[in-house]
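> Contents of structure-v9.pdb (PDB, C-alpha atoms) are below:
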MODEL        1
ATOM      1  CA  MET O   1      47.513  81.810 -11.560  1.00  0.00           C
ATOM      2  CA  PHE O   2      46.409  80.680 -14.994  1.00  0.00           C
ATOM      3  CA  ASP O   3      42.769  79.737 -14.510  1.00  0.00           C
ATOM      4  CA  PHE O   4      41.245  77.419 -17.125  1.00  0.00           C
ATOM      5  CA  THR O   5      38.232  76.515 -14.968  1.00  0.00           C
ATOM      6  CA  SER O   6      35.094  76.608 -17.138  1.00  0.00           C
ATOM      7  CA  SER O   7      37.135  77.951 -20.097  1.00  0.00           C
ATOM      8  CA  GLU O   8      35.883  75.078 -22.274  1.00  0.00           C
ATOM      9  CA  GLY O   9      32.409  74.804 -20.838  1.00  0.00           C
ATOM     10  CA  THR O  10      30.866  72.052 -18.793  1.00  0.00           C
ATOM     11  CA  THR O  11      29.166  68.769 -19.511  1.00  0.00           C
ATOM     12  CA  MET O  12      26.196  67.257 -17.754  1.00  0.00           C
ATOM     13  CA  GLY O  13      26.837  63.586 -18.052  1.00  0.00           C
ATOM     14  CA  LYS O  14      26.328  60.202 -16.565  1.00  0.00           C
ATOM     15  CA  ILE O  15      28.266  59.265 -13.439  1.00  0.00           C
ATOM     16  CA  CYS O  16      28.480  55.974 -11.625  1.00  0.00           C
ATOM     17  CA  GLN O  17      29.549  54.698  -8.241  1.00  0.00           C
ATOM     18  CA  PRO O  18      31.336  51.393  -8.829  1.00  0.00           C
ATOM     19  CA  TRP O  19      33.017  51.332  -5.411  1.00  0.00           C
ATOM     20  CA  THR O  20      31.236  50.712  -2.142  1.00  0.00           C
ATOM     21  CA  CYS O  21      33.886  51.848   0.336  1.00  0.00           C
ATOM     22  CA  SER O  22      32.629  54.222   2.989  1.00  0.00           C
ATOM     23  CA  PRO O  23      32.006  56.812   4.224  1.00  0.00           C
ATOM     24  CA  ASN O  24      32.239  58.652   0.873  1.00  0.00           C
ATOM     25  CA  PRO O  25      32.956  56.366  -2.075  1.00  0.00           C
ATOM     26  CA  HIS O  26      34.284  58.010  -5.215  1.00  0.00           C
ATOM     27  CA  VAL O  27      32.064  58.523  -8.209  1.00  0.00           C
ATOM     28  CA  ALA O  28      33.312  58.254 -11.765  1.00  0.00           C
ATOM     29  CA  THR O  29      32.534  60.136 -14.917  1.00  0.00           C
ATOM     30  CA  ASP O  30      31.174  57.237 -16.864  1.00  0.00           C
ATOM     31  CA  GLY O  31      32.654  57.283 -20.354  1.00  0.00           C
ATOM     32  CA  CYS O  32      30.957  53.879 -20.770  1.00  0.00           C
ATOM     33  CA  LYS O  33      33.398  52.345 -18.289  1.00  0.00           C
ATOM     34  CA  CYS O  34      30.753  51.500 -15.704  1.00  0.00           C
ATOM     35  CA  GLU O  35      28.385  50.036 -18.253  1.00  0.00           C
ATOM     36  CA  LYS O  36      31.160  47.845 -19.576  1.00  0.00           C
ATOM     37  CA  TYR O  37      32.900  46.828 -16.337  1.00  0.00           C
ATOM     38  CA  GLU O  38      30.500  47.558 -13.464  1.00  0.00           C
ATOM     39  CA  SER O  39      26.997  47.183 -14.868  1.00  0.00           C
ATOM     40  CA  ASP O  40      25.433  46.962 -11.385  1.00  0.00           C
ATOM     41  CA  ALA O  41      26.964  50.237 -10.150  1.00  0.00           C
ATOM     42  CA  ALA O  42      24.677  53.011  -8.953  1.00  0.00           C
ATOM     43  CA  THR O  43      24.342  55.774 -11.561  1.00  0.00           C
ATOM     44  CA  GLY O  44      23.274  59.388 -11.742  1.00  0.00           C
ATOM     45  CA  THR O  45      24.126  62.635 -13.514  1.00  0.00           C
ATOM     46  CA  ALA O  46      26.531  65.449 -12.657  1.00  0.00           C
ATOM     47  CA  THR O  47      28.042  68.515 -14.251  1.00  0.00           C
ATOM     48  CA  TYR O  48      31.821  68.530 -14.682  1.00  0.00           C
ATOM     49  CA  ASP O  49      34.370  70.857 -16.227  1.00  0.00           C
ATOM     50  CA  ASN O  50      35.550  70.046 -19.776  1.00  0.00           C
ATOM     51  CA  ALA O  51      38.903  71.850 -19.487  1.00  0.00           C
ATOM     52  CA  ALA O  52      40.118  69.276 -16.965  1.00  0.00           C
ATOM     53  CA  LEU O  53      39.714  66.503 -19.544  1.00  0.00           C
ATOM     54  CA  LYS O  54      42.058  68.218 -22.033  1.00  0.00           C
ATOM     55  CA  PRO O  55      45.491  68.673 -20.416  1.00  0.00           C
ATOM     56  CA  LEU O  56      48.182  71.111 -21.521  1.00  0.00           C
ATOM     57  CA  THR O  57      50.888  69.334 -23.524  1.00  0.00           C
ATOM     58  CA  VAL O  58      54.454  69.870 -22.321  1.00  0.00           C
ATOM     59  CA  GLY O  59      57.140  69.410 -24.985  1.00  0.00           C
ATOM     60  CA  SER O  60      60.838  68.672 -24.650  1.00  0.00           C
ATOM     61  CA  ASN O  61      63.350  71.097 -23.157  1.00  0.00           C
ATOM     62  CA  LYS O  62      60.863  72.937 -20.933  1.00  0.00           C
ATOM     63  CA  THR O  63      60.969  74.253 -17.375  1.00  0.00           C
ATOM     64  CA  LEU O  64      57.736  75.046 -15.541  1.00  0.00           C
ATOM     65  CA  LEU O  65      58.640  77.043 -12.468  1.00  0.00           C
ATOM     66  CA  GLY O  66      55.936  78.596 -10.337  1.00  0.00           C
ATOM     67  CA  LYS O  67      57.062  81.759  -8.596  1.00  0.00           C
ATOM     68  CA  GLY O  68      55.151  83.994  -6.250  1.00  0.00           C
ATOM     69  CA  SER O  69      52.260  83.399  -3.915  1.00  0.00           C
ATOM     70  CA  ASN O  70      49.684  83.022  -6.704  1.00  0.00           C
ATOM     71  CA  ALA O  71      51.628  80.873  -9.176  1.00  0.00           C
ATOM     72  CA  GLY O  72      49.994  77.848 -10.724  1.00  0.00           C
ATOM     73  CA  ILE O  73      47.557  76.328 -13.160  1.00  0.00           C
ATOM     74  CA  LYS O  74      43.928  75.876 -12.214  1.00  0.00           C
ATOM     75  CA  GLY O  75      41.413  73.674 -14.005  1.00  0.00           C
ATOM     76  CA  LYS O  76      43.821  71.754 -16.280  1.00  0.00           C
ATOM     77  CA  GLY O  77      46.548  69.214 -15.816  1.00  0.00           C
ATOM     78  CA  LEU O  78      49.795  68.648 -17.671  1.00  0.00           C
ATOM     79  CA  LYS O  79      50.562  65.889 -20.173  1.00  0.00           C
ATOM     80  CA  ILE O  80      54.016  64.721 -21.228  1.00  0.00           C
ATOM     81  CA  THR O  81      54.166  62.236 -24.091  1.00  0.00           C
ATOM     82  CA  GLY O  82      57.577  60.992 -25.203  1.00  0.00           C
ATOM     83  CA  ALA O  83      59.284  64.274 -24.344  1.00  0.00           C
ATOM     84  CA  SER O  84      62.605  64.751 -22.569  1.00  0.00           C
ATOM     85  CA  ASN O  85      64.522  67.258 -20.494  1.00  0.00           C
ATOM     86  CA  ILE O  86      61.562  68.655 -18.529  1.00  0.00           C
ATOM     87  CA  ARG O  87      61.614  70.239 -15.073  1.00  0.00           C
ATOM     88  CA  ILE O  88      58.423  70.972 -13.113  1.00  0.00           C
ATOM     89  CA  SER O  89      58.667  72.788  -9.802  1.00  0.00           C
ATOM     90  CA  THR O  90      57.041  75.421  -7.623  1.00  0.00           C
ATOM     91  CA  CYS O  91      58.293  77.625  -4.828  1.00  0.00           C
ATOM     92  CA  HIS O  92      57.043  77.426  -1.257  1.00  0.00           C
ATOM     93  CA  GLN O  93      54.638  74.518  -1.908  1.00  0.00           C
ATOM     94  CA  HIS O  94      52.186  76.591  -3.917  1.00  0.00           C
ATOM     95  CA  LYS O  95      49.785  74.703  -6.124  1.00  0.00           C
ATOM     96  CA  LEU O  96      51.030  73.870  -9.582  1.00  0.00           C
ATOM     97  CA  THR O  97      47.698  72.390 -10.652  1.00  0.00           C
ATOM     98  CA  ALA O  98      44.354  72.495  -8.874  1.00  0.00           C
ATOM     99  CA  ASP O  99      40.599  72.098  -9.322  1.00  0.00           C
ATOM    100  CA  ILE O 100      40.664  69.313 -11.898  1.00  0.00           C
ATOM    101  CA  ASN O 101      37.293  67.671 -11.218  1.00  0.00           C
ATOM    102  CA  GLU O 102      38.835  66.224  -8.044  1.00  0.00           C
ATOM    103  CA  GLN O 103      35.558  64.715  -6.963  1.00  0.00           C
ATOM    104  CA  TYR O 104      35.435  62.375  -9.968  1.00  0.00           C
ATOM    105  CA  VAL O 105      37.515  59.413 -11.050  1.00  0.00           C
ATOM    106  CA  TRP O 106      38.326  59.778 -14.770  1.00  0.00           C
ATOM    107  CA  GLY O 107      37.660  63.511 -14.369  1.00  0.00           C
ATOM    108  CA  GLY O 108      41.191  64.580 -15.336  1.00  0.00           C
ATOM    109  CA  ASP O 109      44.713  64.126 -13.980  1.00  0.00           C
ATOM    110  CA  ALA O 110      47.111  66.722 -12.572  1.00  0.00           C
ATOM    111  CA  LEU O 111      50.114  65.124 -14.285  1.00  0.00           C
ATOM    112  CA  GLN O 112      50.113  62.452 -16.972  1.00  0.00           C
ATOM    113  CA  ILE O 113      53.416  61.042 -18.244  1.00  0.00           C
ATOM    114  CA  ASP O 114      53.301  58.675 -21.207  1.00  0.00           C
ATOM    115  CA  GLY O 115      56.932  57.874 -21.882  1.00  0.00           C
ATOM    116  CA  GLY O 116      59.854  60.244 -22.051  1.00  0.00           C
ATOM    117  CA  SER O 117      63.168  60.714 -20.317  1.00  0.00           C
ATOM    118  CA  LYS O 118      64.944  63.173 -18.041  1.00  0.00           C
ATOM    119  CA  ILE O 119      61.673  64.356 -16.464  1.00  0.00           C
ATOM    120  CA  TRP O 120      62.092  65.926 -13.031  1.00  0.00           C
ATOM    121  CA  VAL O 121      59.092  66.698 -10.839  1.00  0.00           C
ATOM    122  CA  ARG O 122      59.665  68.202  -7.416  1.00  0.00           C
ATOM    123  CA  GLY O 123      58.557  65.483  -4.989  1.00  0.00           C
ATOM    124  CA  ASP O 124      56.263  67.483  -2.729  1.00  0.00           C
ATOM    125  CA  LEU O 125      54.072  68.339  -5.716  1.00  0.00           C
ATOM    126  CA  ILE O 126      53.005  64.724  -5.922  1.00  0.00           C
ATOM    127  CA  LEU O 127      51.791  64.747  -2.327  1.00  0.00           C
ATOM    128  CA  ILE O 128      49.874  67.984  -2.767  1.00  0.00           C
ATOM    129  CA  TYR O 129      48.183  67.287  -6.063  1.00  0.00           C
ATOM    130  CA  ALA O 130      47.347  63.596  -6.149  1.00  0.00           C
ATOM    131  CA  LEU O 131      43.736  63.443  -7.218  1.00  0.00           C
ATOM    132  CA  SER O 132      40.957  61.464  -5.650  1.00  0.00           C
ATOM    133  CA  ASP O 133      41.467  58.551  -8.050  1.00  0.00           C
ATOM    134  CA  GLY O 134      45.115  58.206  -7.003  1.00  0.00           C
ATOM    135  CA  ALA O 135      46.354  59.196 -10.453  1.00  0.00           C
ATOM    136  CA  VAL O 136      48.944  61.888 -10.707  1.00  0.00           C
TER     137      VAL O 136
ENDMDL
END
Would you kindly transcribe this structure into structure tokens?


Amino acid sequence: MFDFTSSEGTTMGKICQPWTCSPNPHVATDGCKCEKYESDAATGTATYDNAALKPLTVGSNKTLLGKGSNAGIKGKGLKITGASNIRISTCHQHKLTADINEQYVWGGDALQIDGGSKIWVRGDLILIYALSDGAV
């Protein structure tokens, strides 16, 4: 397991609660989004991990294959931007990415794809690692 948790420090910052669903509505790391779009949302402060906000970039022609019972990446997600020919998979449903500020919306994504082609992600990874904000 490659553990990036707390490798880039933490931030105590403003959070907000723009949603009122129950029993446990999500809170969001603010980034000025609540002030701009949900000015009446409840606010507070929380400490969150900085590493989760800076994903690892995956370039073209790469295979990420987790092997063994402790394979994976903890504390950071993956980002693919305009790359091609990428395969991401694990064995035996072990975690590829975990502990990415899951309790916060806008706290980091497990997998971010901004364009590209020929990108294969083993389907059960999506079910395991979807974050609380629904982003993968």

> Residue by residue, what does the PyMOL selection byres ((chain O and resi 77) around 10) grab here? Present the result as a list in words.

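For this structure, the PyMOL selection byres ((chain O and resi 77) around 10) resolves to Phe4, Ala51, Ala52, Leu53, Lys54, Pro55, Leu56, Thr57, Ile73, Lys74, Gly75, Lys76, Leu78, Lys79, Leu96, Thr97, Ala98, Asp99, Ile100, Gly108, Asp109, Ala110, Leu111, Gln112 and Val136 of chain O.
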
> Determine the residue membership of the PyMOL selection byres ((chain O and resi 40-49) around 8) for the file above and supply it as a CSV table (one decimal) with C-alpha atoms, keeping the file's coordinate frame.


chain,number,residue,atom,x,y,z
O,5,THR,CA,38.2,76.5,-15.0
O,6,SER,CA,35.1,76.6,-17.1
O,8,GLU,CA,35.9,75.1,-22.3
O,9,GLY,CA,32.4,74.8,-20.8
O,10,THR,CA,30.9,72.1,-18.8
O,11,THR,CA,29.2,68.8,-19.5
O,12,MET,CA,26.2,67.3,-17.8
O,13,GLY,CA,26.8,63.6,-18.1
O,14,LYS,CA,26.3,60.2,-16.6
O,15,ILE,CA,28.3,59.3,-13.4
O,16,CYS,CA,28.5,56.0,-11.6
O,17,GLN,CA,29.5,54.7,-8.2
O,18,PRO,CA,31.3,51.4,-8.8
O,19,TRP,CA,33.0,51.3,-5.4
O,34,CYS,CA,30.8,51.5,-15.7
O,38,GLU,CA,30.5,47.6,-13.5
O,39,SER,CA,27.0,47.2,-14.9
O,50,ASN,CA,35.6,70.0,-19.8
O,51,ALA,CA,38.9,71.8,-19.5
O,52,ALA,CA,40.1,69.3,-17.0
O,53,LEU,CA,39.7,66.5,-19.5
O,75,GLY,CA,41.4,73.7,-14.0
O,100,ILE,CA,40.7,69.3,-11.9
O,101,ASN,CA,37.3,67.7,-11.2
O,107,GLY,CA,37.7,63.5,-14.4

> I'd like to see the residues matched by the PyMOL selection byres ((chain O and resi 86) around 7) on this file, and ideally I'd get them as a PyMOL selection string.

chain O and resi 60-63+84-85+87-88+118-120

> Which value, in Å to one decimal, gives the distance between CA of Ala71 (chain O) and CA of Val121 (chain O)?

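Answer for the CA of Ala71 (chain O) to CA of Val121 (chain O) separation: 16.1 Å.
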
> What is the CA of Leu64 (chain O)-CA of Gln103 (chain O) distance in Å, reported with one decimal?

25.9 Å

> Expressed in Å to a single decimal, how great is the separation between CA of Thr90 (chain O) and CA of Met1 (chain O)?

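Separating CA of Thr90 (chain O) from CA of Met1 (chain O) is a distance of 12.1 Å.
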
> So which residues touch Gly82 (chain O) within 7 Å, counting all atoms listed in the file, skipping near sequence neighbours fewer than 2 positions away, as an mmCIF file with C-alpha atoms, in the frame of the given file?


data_model
loop_
_atom_site.group_PDB
_atom_site.id
_atom_site.type_symbol
_atom_site.label_atom_id
_atom_site.label_comp_id
_atom_site.auth_asym_id
_atom_site.auth_seq_id
_atom_site.Cartn_x
_atom_site.Cartn_y
_atom_site.Cartn_z
ATOM 1 C CA ILE O 80 54.016 64.721 -21.228
ATOM 2 C CA SER O 84 62.605 64.751 -22.569
ATOM 3 C CA ASP O 114 53.301 58.675 -21.207
ATOM 4 C CA GLY O 115 56.932 57.874 -21.882
ATOM 5 C CA GLY O 116 59.854 60.244 -22.051
#
